[in-house]
Structures are given as structure tokens and as C-alpha cells.
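To keep things clear, I will list the structure first and then write my remarks on it.
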Amino acid sequence: MNMIDVSNLSKKFDGFTAVDNISFSVGEGEIFAFLGPNGAGKSTTIRMLTTLLKPNSGRISVNGFNPLTQQDDTRRSFGIVFQDQSIDEELTAYENLEFHGVLYGVDKQTRTRRIKNLMQMVDLWDRRDDYVKYYSGGMKRRLEIARGLIHHPRILFLDEPTLGLDPQTRNNIWEHIRELNLNNRMTIFFTTHYMTEAQEVANRVAIIDHGKIIILGSVEQIMDSTSTGSLEEAFLQLTGRSIREENASSMDRMRLRRRVRR
Amino acid sequence: MIQTIYVMWLRQLKRYWRSKPRLIGSIGQPLLFLIAFGFGFSPVFERAGGVDYMEFLVPGIVAMTILFTSMFTGIEVVWDRKFGFLKETLVAPISRTDIMVGRTLGGATISVIQGLVVLLLTLFIGFRPVSWYAVLPAIFFMFLVSVFLTGFGTAIASRIDDMQAFPMIMNLLIMPMFFLSGALFPIDGLPSVIKFAVLLNPLTYGVDGLRATLTGTLSFSLTLDLAVLMGLSVLVNLVGAWFFSKIEI
């Protein structure tokens, strides 16, 4: 069974098309990457998959549920780490996780056990009673990953999970995520604009640009079909430009501005 | 469901308790009004008809404390949106009504605490409730007013994503509500246009209920006061829940 099924999905903002008629599926236990420059429509897609945004057209199924009509079933199916922070800094790390557990209806005993396990997994157990405002960026991100797992979701959404983190923390976080994927067959859907990240971690990659999926397949398949040696070269060949932000076209910058304003 | 509401409530109380400046800051303004108006107008009222203005004013000042605290609680929604925490509650498998009610009860509890602190402080300048037992129904009225106003502020906040705009919009609503509520002066004998505005103002019924329970003077009837406040509390919470279900981020 596919954990995520998307067909002909589109989203427009004031006449501007952020996601343009995309279709893809993600199988159970798969690590799937959405790779593309900033403003390509990656976050918009995640927001539609996770009930935060309504699409203009197309069909979505997440763990067999429709995010438009079966919101709570959909919401129970996934954990999410947002691109920008979403923890309460005025609470302690433990309180944040406790809050999440209660919202997802995890009973007290299970909650206490899981919070401890997860905080140990991300090496934050010793700092559990610290206010989150005293955490570093990497610690916050690790805490958010732990939080997203308390209710044992079938799918974990990660929106640019390693953005702004140093290489060591980045490796550390991916190690945790790979473990989860191997041990629990958890489906991982992540977005990134780091080529190497997609290349090293994902089973399959969809390259998205200007709201359209331009190619989808395993890293090998993508490199084969473009006769290139890396995703970086493949992207360059498919779009005629590099993925880096400084080379973004004016169109990309406009997309980015629109997204920032939201 | 109860658990969701409880944990939302608890979060707000923790945040409130940990922010001492907020606690102190929101008591300063009502005290200033109490002292300036109370001591300023007392002699005038006394000469005019032997009314104890301080006694008249105290329930109004308590209502004012609640008005400001409750309406501004809504800003937490704007903050949560800005700092991302709103998403955490929006992707959770919980009803939007629970989110709304949890937030309202959290803010309302804080308002009641603030109102009680101000009421306590008025004892030092000589205010005495009509009887000590009257404080209980007064707290009930404080709670009702708080639930309505917090729900009102929160519902508005759920539609606003501009941090700067929120306080301005709130002041635009709060000021007329405060001045036209009978908090500062009696409403009998007002020109009919103003009286009409006063009667349309929901806070009027809160001030009346508080004054009735604390000092024993009543302009309308407790049944009317209760009916207006309860009806509006339910209404703003339903509207707020609907607004929350419409939020897209």
C-alpha cells in the first residue's frame, strides 16, 4: 500500500501557481525526497499533505485518508518537523513534549516512557527541564524531531530538517532518522535543497522546480536518464541552471518573496 | 477533549506565571485610574448627592482590569502564529472548538486572577464589599465577563497576522467599551444617544453584575446580566472555533 498518493495536485495564490499539477506516490517504509530550490513549491505541498492548506485541485491520500474530509485521521497518521521553529520557548523541553503527547491522546504511562526514550535518542534527556529558549538551533531541531514521534506516526514529514545546521549536527540528525526508518519501517518524506542530502539519504527523489515535478526516480535512475554523475549535474542539465539560491532567477525570487510574506 | 482543553489552559497559566512583568504591568493601569478618578471625583460626587464615588468606581475598575487583560490575551494567538507554535496545535488531531475553548478558559482564568488582585488592592484604600459572601458571586461574574472578552479577543486575533495591527485594533474596541460601560459614571440621565450605545455595549452588563454583587446597587436585573454574558460567551467561542477551522498557514 502507498502511504502517500498525490494526483494532479495544484495550488494557486492570487493567481500565481505555487504547485502545478503534480502527481507522485510514496510507498510504505520509503525515504522520499523533494528536492528543489527555495520557492519551488516544496513547503506548499507539505502544507497540503498535512491539512494546513487546502489545494485548488487534485487528490491527496495520506495513510489512506483524505486530508480534506478526514482531517483527524490524517493528522494522527503523521509527525511533522516544520521548516521554521514551532516549539513554545517559554516552556521546558519536557513540557513541550508532554503537551504534544496529551494533544495526540497518548496515555500518561506510555507518554512518560516514550518521552524519556525519545529524549535519550536525541541526546536531550539531561537538558529536559531547561527552557527551550536556552537551546541552540540544533537542539531545538532535535527536540522537534523527538516531539513529532511521540504518537508513533506512520509517516514523518520533515521540511528542510537540517537547514542552517552545522555538518556534524546534520549527520547526527540523519542518523536518527535512518534508524527510525529501519527499525519501525516509518515512511519518511523530506524536502531539501541540498543535493548531497537527497543523494545520500533518499530511496527516491522528486526534483521539483517552478511548482512542477521535472523528474522522479531513484538517484541512479535520475543520473542514468540524464547521463550525469550526480544530482547536481542532473539538475543543471534539466533546468539549465544550478540549484543554489544566488543563481535563482527573478521568478524564483518572486516565489520566495511570496512565501516569506505568508 | 477535557484533556486537550486542560493542557491548553495549563500552558497559558504557566506562561503567565513565568512572566512577572506581565503580572505587574497589567495591574498598574487600573490602579492609576482608581487613584486618579477615585480621589479626583470623590469630592464632586459627594457634594452632588452624597454618593460614595470610590464605592461606585471599584467594580468598574475591576471590570476594566478584566477588559484589558482578556482582550489582549488574544495577542497570544498572533504570537503563536508568528513564532510557529500555532502550527503545532493546528496539525494535532483535536477539534478546533477545543483549541478555542482551551485558549479562552486559560486567558479567562488569568483575567480573573488579575481582577482579584486589583480587588484585593482596593481594600487598602478603604473599599469593602457589601458582604464577604458577595465576593463569590462577584468572582462568578468576573469569570463570565472574562470568558466573553477573552473569547472575543481570541476570535479577532485568529483573523489577524500582523503583530503591530493587533494592539491598535484592540484599543479601538477597548476604549469605547470601557468608557461607555457605566464603569466610570452612572448611566441614568445620560443623553439618549449615549445611553443607547451604553445599552448595546456587552461590558455594561458585566459592570452592572459586578456592581450588584459587590456593592448591592443594580441598574438592570441579574437575570438580564447573566443572560447577555452567557449568550455572548457561547457565541464568540463558536465563532472563534469556526475561525480557527478556517486558518490556513
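By convention in this document, the chains of the C-alpha cells carry letters A, B, ... by their order, each chain's residues are numbered from 1, and ligands are numbered from 1 in the order they are shown.
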
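What chain A places within 8 Å of chain B, counting only C-alpha atoms, is Arg47, Thr50, Thr51, Leu52, Leu53, Lys54, Gln71, Asp72, Asp73, Arg75, Arg76, Asp84, Gln85, Ser86, Ile87, Asp88, Glu90, Leu91, Phe99, Val102, Leu103, Tyr104 and Arg262 of chain A.
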
Residue subset to file, keeping N, CA and C atoms, as a PDB file, in the first residue's frame:
```pdb
ATOM      1  N   ARG A  47       2.355  21.410   3.238  1.00  0.00           N
ATOM      2  CA  ARG A  47       1.227  22.011   3.960  1.00  0.00           C
ATOM      3  C   ARG A  47      -0.101  21.420   3.497  1.00  0.00           C
ATOM      4  N   THR A  50      -0.490  17.924   4.954  1.00  0.00           N
ATOM      5  CA  THR A  50      -0.662  17.852   6.400  1.00  0.00           C
ATOM      6  C   THR A  50      -1.856  18.677   6.898  1.00  0.00           C
ATOM      7  N   THR A  51      -2.834  18.899   6.076  1.00  0.00           N
ATOM      8  CA  THR A  51      -4.115  19.554   6.422  1.00  0.00           C
ATOM      9  C   THR A  51      -4.024  21.048   6.733  1.00  0.00           C
ATOM     10  N   LEU A  52      -2.853  21.663   6.519  1.00  0.00           N
ATOM     11  CA  LEU A  52      -2.733  23.082   6.874  1.00  0.00           C
ATOM     12  C   LEU A  52      -3.223  24.005   5.758  1.00  0.00           C
ATOM     13  N   LEU A  53      -3.334  23.452   4.559  1.00  0.00           N
ATOM     14  CA  LEU A  53      -3.669  24.268   3.404  1.00  0.00           C
ATOM     15  C   LEU A  53      -4.559  23.448   2.477  1.00  0.00           C
ATOM     16  N   LYS A  54      -5.568  24.114   1.913  1.00  0.00           N
ATOM     17  CA  LYS A  54      -6.460  23.393   1.004  1.00  0.00           C
ATOM     18  C   LYS A  54      -6.013  23.569  -0.436  1.00  0.00           C
ATOM     19  N   GLN A  71      -9.761  14.852   8.386  1.00  0.00           N
ATOM     20  CA  GLN A  71      -8.630  15.613   8.926  1.00  0.00           C
ATOM     21  C   GLN A  71      -7.978  14.952  10.133  1.00  0.00           C
ATOM     22  N   ASP A  72      -8.792  14.530  11.107  1.00  0.00           N
ATOM     23  CA  ASP A  72      -8.192  13.989  12.328  1.00  0.00           C
ATOM     24  C   ASP A  72      -7.497  12.653  12.085  1.00  0.00           C
ATOM     25  N   ASP A  73      -8.061  11.799  11.225  1.00  0.00           N
ATOM     26  CA  ASP A  73      -7.398  10.534  10.898  1.00  0.00           C
ATOM     27  C   ASP A  73      -6.074  10.802  10.202  1.00  0.00           C
ATOM     28  N   ARG A  75      -4.315  13.535  10.508  1.00  0.00           N
ATOM     29  CA  ARG A  75      -3.398  14.165  11.474  1.00  0.00           C
ATOM     30  C   ARG A  75      -2.762  13.139  12.406  1.00  0.00           C
ATOM     31  N   ARG A  76      -3.517  12.107  12.753  1.00  0.00           N
ATOM     32  CA  ARG A  76      -2.961  11.070  13.622  1.00  0.00           C
ATOM     33  C   ARG A  76      -1.901  10.234  12.906  1.00  0.00           C
ATOM     34  N   ASP A  84      10.326  26.117   9.834  1.00  0.00           N
ATOM     35  CA  ASP A  84      10.697  27.067  10.888  1.00  0.00           C
ATOM     36  C   ASP A  84      10.186  26.554  12.229  1.00  0.00           C
ATOM     37  N   GLN A  85      10.771  27.074  13.250  1.00  0.00           N
ATOM     38  CA  GLN A  85      10.521  26.578  14.597  1.00  0.00           C
ATOM     39  C   GLN A  85       9.030  26.561  14.972  1.00  0.00           C
ATOM     40  N   SER A  86       8.638  25.564  15.738  1.00  0.00           N
ATOM     41  CA  SER A  86       7.241  25.517  16.181  1.00  0.00           C
ATOM     42  C   SER A  86       7.139  24.989  17.608  1.00  0.00           C
ATOM     43  N   ILE A  87       8.132  25.316  18.427  1.00  0.00           N
ATOM     44  CA  ILE A  87       8.055  24.922  19.832  1.00  0.00           C
ATOM     45  C   ILE A  87       7.795  26.159  20.684  1.00  0.00           C
ATOM     46  N   ASP A  88       7.241  25.936  21.860  1.00  0.00           N
ATOM     47  CA  ASP A  88       6.993  27.042  22.778  1.00  0.00           C
ATOM     48  C   ASP A  88       8.249  27.270  23.608  1.00  0.00           C
ATOM     49  N   GLU A  90       8.852  29.350  25.905  1.00  0.00           N
ATOM     50  CA  GLU A  90       8.643  29.694  27.313  1.00  0.00           C
ATOM     51  C   GLU A  90       8.361  28.457  28.159  1.00  0.00           C
ATOM     52  N   LEU A  91       8.263  27.317  27.502  1.00  0.00           N
ATOM     53  CA  LEU A  91       8.080  26.068  28.246  1.00  0.00           C
ATOM     54  C   LEU A  91       9.406  25.300  28.230  1.00  0.00           C
ATOM     55  N   PHE A  99       2.972  18.278  26.283  1.00  0.00           N
ATOM     56  CA  PHE A  99       1.849  18.960  25.630  1.00  0.00           C
ATOM     57  C   PHE A  99       1.451  18.204  24.363  1.00  0.00           C
ATOM     58  N   VAL A 102      -0.279  14.837  25.093  1.00  0.00           N
ATOM     59  CA  VAL A 102      -1.671  14.988  25.522  1.00  0.00           C
ATOM     60  C   VAL A 102      -2.562  15.320  24.327  1.00  0.00           C
ATOM     61  N   LEU A 103      -2.101  16.240  23.477  1.00  0.00           N
ATOM     62  CA  LEU A 103      -2.908  16.609  22.305  1.00  0.00           C
ATOM     63  C   LEU A 103      -3.202  15.403  21.424  1.00  0.00           C
ATOM     64  N   TYR A 104      -2.258  14.466  21.354  1.00  0.00           N
ATOM     65  CA  TYR A 104      -2.444  13.300  20.491  1.00  0.00           C
ATOM     66  C   TYR A 104      -3.056  12.121  21.247  1.00  0.00           C
ATOM     67  N   ARG A 262       3.948  35.161   3.587  1.00  0.00           N
ATOM     68  CA  ARG A 262       2.837  34.420   4.161  1.00  0.00           C
ATOM     69  C   ARG A 262       3.027  34.106   5.617  1.00  0.00           C
TER      70      ARG A 262
END
```

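Once stretch 228-245 of chain A and its same-chain neighbours fewer than 6 positions away are set aside, Leu35, Gly36, Pro37, Asn38, Gly39, His193, Tyr194, Met195, Thr196, Ala198, Gln199, Val205, Ile207, Ile208, Asp209, Ile214, Ile215, Val219, Glu220, Ile222, Asp252 and Arg253 of chain A remain within 10 Å of it when counting only C-alpha atoms.
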
Write out the residues from the selection above, keeping C-alpha atoms, as a short mmCIF file (atom, residue, chain, number, x, y, z; two decimals), in the first residue's frame.
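New file selection_18.cif:
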```
data_model
loop_
_atom_site.label_atom_id
_atom_site.label_comp_id
_atom_site.auth_asym_id
_atom_site.auth_seq_id
_atom_site.Cartn_x
_atom_site.Cartn_y
_atom_site.Cartn_z
CA LEU A 35 14.47 18.33 -3.97
CA GLY A 36 14.31 21.82 -5.37
CA PRO A 37 15.37 25.43 -4.95
CA ASN A 38 13.69 27.75 -2.49
CA GLY A 39 10.23 28.69 -3.63
CA HIS A 193 17.64 22.00 -1.37
CA TYR A 194 20.88 20.20 -0.51
CA MET A 195 21.77 17.88 -3.40
CA THR A 196 24.08 15.72 -1.32
CA ALA A 198 18.94 13.87 -1.19
CA GLN A 199 21.59 11.77 -2.89
CA VAL A 205 13.91 11.68 -5.29
CA ILE A 207 13.09 17.13 -8.39
CA ILE A 208 10.64 19.99 -8.27
CA ASP A 209 11.05 23.37 -9.91
CA ILE A 214 10.55 17.61 -13.57
CA ILE A 215 11.90 14.14 -12.83
CA VAL A 219 19.20 8.64 -7.67
CA GLU A 220 20.66 6.09 -10.13
CA ILE A 222 17.85 10.10 -12.48
CA ASP A 252 12.42 32.25 -8.10
CA ARG A 253 13.00 35.33 -6.05
#
```

### Query
Which residues, written as number ranges by chain, have at least one atom at most 7 Å from stretch 2-16 of chain A, with only C-alpha atoms counted and residues fewer than 4 positions away on the same chain left out?
A: 20-28, 55-64

Now that the selection is made, can you save its residues with C-alpha atoms as a JSON list (two decimals), in the first residue's frame?
```
[["chain", "number", "residue", "atom", "x", "y", "z"],
["A", 20, "ASP", "CA", 1.37, 22.97, -10.66],
["A", 21, "ASN", "CA", -0.43, 19.70, -11.35],
["A", 22, "ILE", "CA", 1.95, 17.30, -9.59],
["A", 23, "SER", "CA", 1.46, 13.55, -9.09],
["A", 24, "PHE", "CA", 3.54, 11.09, -7.10],
["A", 25, "SER", "CA", 3.32, 8.20, -4.66],
["A", 26, "VAL", "CA", 5.39, 7.22, -1.66],
["A", 27, "GLY", "CA", 5.46, 3.58, -0.56],
["A", 28, "GLU", "CA", 5.47, 2.31, 2.99],
["A", 55, "PRO", "CA", -5.50, 22.60, -2.58],
["A", 56, "ASN", "CA", -7.26, 24.20, -5.54],
["A", 57, "SER", "CA", -7.49, 20.90, -7.35],
["A", 58, "GLY", "CA", -6.21, 17.34, -7.29],
["A", 59, "ARG", "CA", -6.47, 14.37, -4.98],
["A", 60, "ILE", "CA", -4.41, 13.51, -1.92],
["A", 61, "SER", "CA", -4.34, 10.39, 0.21],
["A", 62, "VAL", "CA", -2.17, 10.12, 3.32],
["A", 63, "ASN", "CA", -2.12, 6.70, 5.02],
["A", 64, "GLY", "CA", -5.33, 6.02, 3.10]]
```

### Task
Write down as a ChimeraX atom specification the residues of stretch 77-117 of chain A whose backbone DSSP state falls under strand (DSSP E or B).
/A:78-81,92

Let me see the file: selected residues, C-alpha atoms, as a PDB file, in the first residue's frame.
```
ATOM      1  CA  PHE A  78       1.909  11.700  10.583  1.00  0.00           C
ATOM      2  CA  GLY A  79       4.506  13.527  12.606  1.00  0.00           C
ATOM      3  CA  ILE A  80       5.990  16.715  11.246  1.00  0.00           C
ATOM      4  CA  VAL A  81       9.053  18.852  11.674  1.00  0.00           C
ATOM      5  CA  THR A  92      10.717  23.495  29.099  1.00  0.00           C
TER       6      THR A  92
END
```

### Message
Quick one: residues within 9 Å of stretch 147-152 of chain B, only C-alpha atoms, excluding same-chain residues fewer than 3 positions away - as JSON, numbers by chain?
### Response
{"B": [66, 67, 68, 69, 70, 71, 72, 73, 74, 100, 101, 103, 104, 105, 106, 107, 108, 109, 111, 142, 143, 144, 155, 156, 157, 203, 229, 230, 231, 232, 233, 234, 235, 236, 237, 239, 240]}

### Task
Quick one: pull the distance between atom CA of B:Ala241 and atom CA of B:Ser158, Å, one decimal.
9.4 Å

### Message
Considering only alpha helix (DSSP H) as DSSP defines it on the backbone, what residues of stretch 69-205 of chain B qualify? List them as JSON, numbers by chain.
### Response
{"B": [69, 70, 71, 72, 73, 75, 76, 77, 78, 79, 80, 81, 82, 85, 86, 87, 88, 89, 90, 96, 97, 98, 99, 100, 101, 102, 103, 104, 105, 106, 107, 108, 109, 110, 111, 112, 113, 114, 115, 116, 117, 118, 119, 120, 121, 122, 135, 136, 137, 138, 139, 140, 141, 142, 143, 144, 145, 146, 147, 148, 149, 150, 151, 152, 153, 154, 155, 156, 157, 165, 166, 167, 168, 169, 170, 171, 172, 173, 174, 175, 176, 177, 178, 179, 192, 193, 194, 195, 196, 197, 198, 199, 200, 202, 203, 204, 205]}

Grab the residues selected above and save them as a short mmCIF file (atom, residue, chain, number, x, y, z; two decimals), in the first residue's frame with C-alpha atoms.
```cif
data_model
loop_
_atom_site.label_atom_id
_atom_site.label_comp_id
_atom_site.auth_asym_id
_atom_site.auth_seq_id
_atom_site.Cartn_x
_atom_site.Cartn_y
_atom_site.Cartn_z
CA THR B 69 -6.33 41.55 30.25
CA SER B 70 -8.90 39.47 28.41
CA MET B 71 -8.91 41.33 25.12
CA PHE B 72 -5.13 41.42 24.98
CA THR B 73 -4.86 37.70 25.70
CA ILE B 75 -2.34 38.51 21.17
CA GLU B 76 -1.02 35.11 22.21
CA VAL B 77 -2.63 33.69 19.08
CA VAL B 78 -0.82 36.29 16.98
CA TRP B 79 2.42 35.44 18.78
CA ASP B 80 1.89 31.73 18.34
CA ARG B 81 1.36 32.31 14.67
CA LYS B 82 4.48 34.43 14.41
CA PHE B 85 3.62 27.25 17.79
CA LEU B 86 0.18 27.72 16.27
CA LYS B 87 1.06 25.09 13.66
CA GLU B 88 1.73 22.55 16.38
CA THR B 89 -1.85 22.89 17.62
CA LEU B 90 -3.33 23.09 14.12
CA ARG B 96 -10.96 23.43 16.69
CA THR B 97 -13.61 24.06 19.33
CA ASP B 98 -11.32 22.52 21.96
CA ILE B 99 -8.49 24.77 20.81
CA MET B 100 -10.75 27.81 21.12
CA VAL B 101 -12.28 26.84 24.45
CA GLY B 102 -8.89 25.89 25.92
CA ARG B 103 -7.43 29.24 24.95
CA THR B 104 -10.47 31.11 26.23
CA LEU B 105 -10.51 29.38 29.60
CA GLY B 106 -6.76 29.90 30.00
CA GLY B 107 -7.00 33.61 29.29
CA ALA B 108 -10.16 33.97 31.37
CA THR B 109 -8.52 32.38 34.40
CA ILE B 110 -5.65 34.84 34.14
CA SER B 111 -8.10 37.75 33.88
CA VAL B 112 -9.97 36.62 36.97
CA ILE B 113 -6.71 36.40 38.90
CA GLN B 114 -5.76 39.91 37.77
CA GLY B 115 -9.22 41.19 38.69
CA LEU B 116 -8.96 39.63 42.12
CA VAL B 117 -5.54 41.15 42.71
CA VAL B 118 -6.94 44.60 41.89
CA LEU B 119 -9.98 43.98 44.07
CA LEU B 120 -7.70 42.97 46.90
CA LEU B 121 -5.68 46.14 46.48
CA THR B 122 -8.80 48.30 46.69
CA VAL B 135 -17.28 38.04 46.73
CA LEU B 136 -18.20 34.56 45.45
CA PRO B 137 -20.95 35.64 43.06
CA ALA B 138 -18.71 38.56 42.12
CA ILE B 139 -15.99 36.10 41.11
CA PHE B 140 -18.56 34.24 39.05
CA PHE B 141 -19.42 37.47 37.24
CA MET B 142 -15.74 38.23 36.75
CA PHE B 143 -15.34 34.81 35.20
CA LEU B 144 -18.29 35.29 32.84
CA VAL B 145 -17.05 38.69 31.70
CA SER B 146 -13.57 37.20 31.22
CA VAL B 147 -14.82 34.26 29.17
CA PHE B 148 -16.77 36.54 26.88
CA LEU B 149 -13.99 39.08 26.41
CA THR B 150 -11.17 36.54 26.05
CA GLY B 151 -13.23 34.65 23.51
CA PHE B 152 -13.90 37.91 21.70
CA GLY B 153 -10.22 38.93 21.67
CA THR B 154 -9.08 35.45 20.65
CA ALA B 155 -11.60 35.19 17.83
CA ILE B 156 -10.42 38.53 16.44
CA ALA B 157 -6.78 37.54 16.86
CA ALA B 165 -2.11 45.86 13.96
CA PHE B 166 -3.46 43.80 16.81
CA PRO B 167 -2.91 46.26 19.69
CA MET B 168 -4.30 49.12 17.59
CA ILE B 169 -7.45 47.24 16.70
CA MET B 170 -7.85 46.18 20.31
CA ASN B 171 -7.51 49.74 21.61
CA LEU B 172 -10.07 50.85 19.09
CA LEU B 173 -12.52 48.37 20.60
CA ILE B 174 -11.47 48.51 24.23
CA MET B 175 -11.63 52.26 24.78
CA PRO B 176 -15.27 52.82 23.77
CA MET B 177 -16.25 49.62 25.55
CA PHE B 178 -14.66 50.91 28.70
CA PHE B 179 -15.93 54.48 28.62
CA SER B 192 -30.36 59.11 24.86
CA VAL B 193 -27.82 58.54 22.04
CA ILE B 194 -25.09 57.75 24.52
CA LYS B 195 -27.42 55.70 26.64
CA PHE B 196 -28.28 53.66 23.56
CA ALA B 197 -24.59 52.96 22.91
CA VAL B 198 -24.17 52.01 26.56
CA LEU B 199 -27.04 49.55 26.33
CA LEU B 200 -25.51 47.97 23.21
CA PRO B 202 -21.88 43.99 26.42
CA LEU B 203 -19.48 45.20 29.10
CA THR B 204 -22.28 47.32 30.59
CA TYR B 205 -23.96 44.14 31.80
#
```
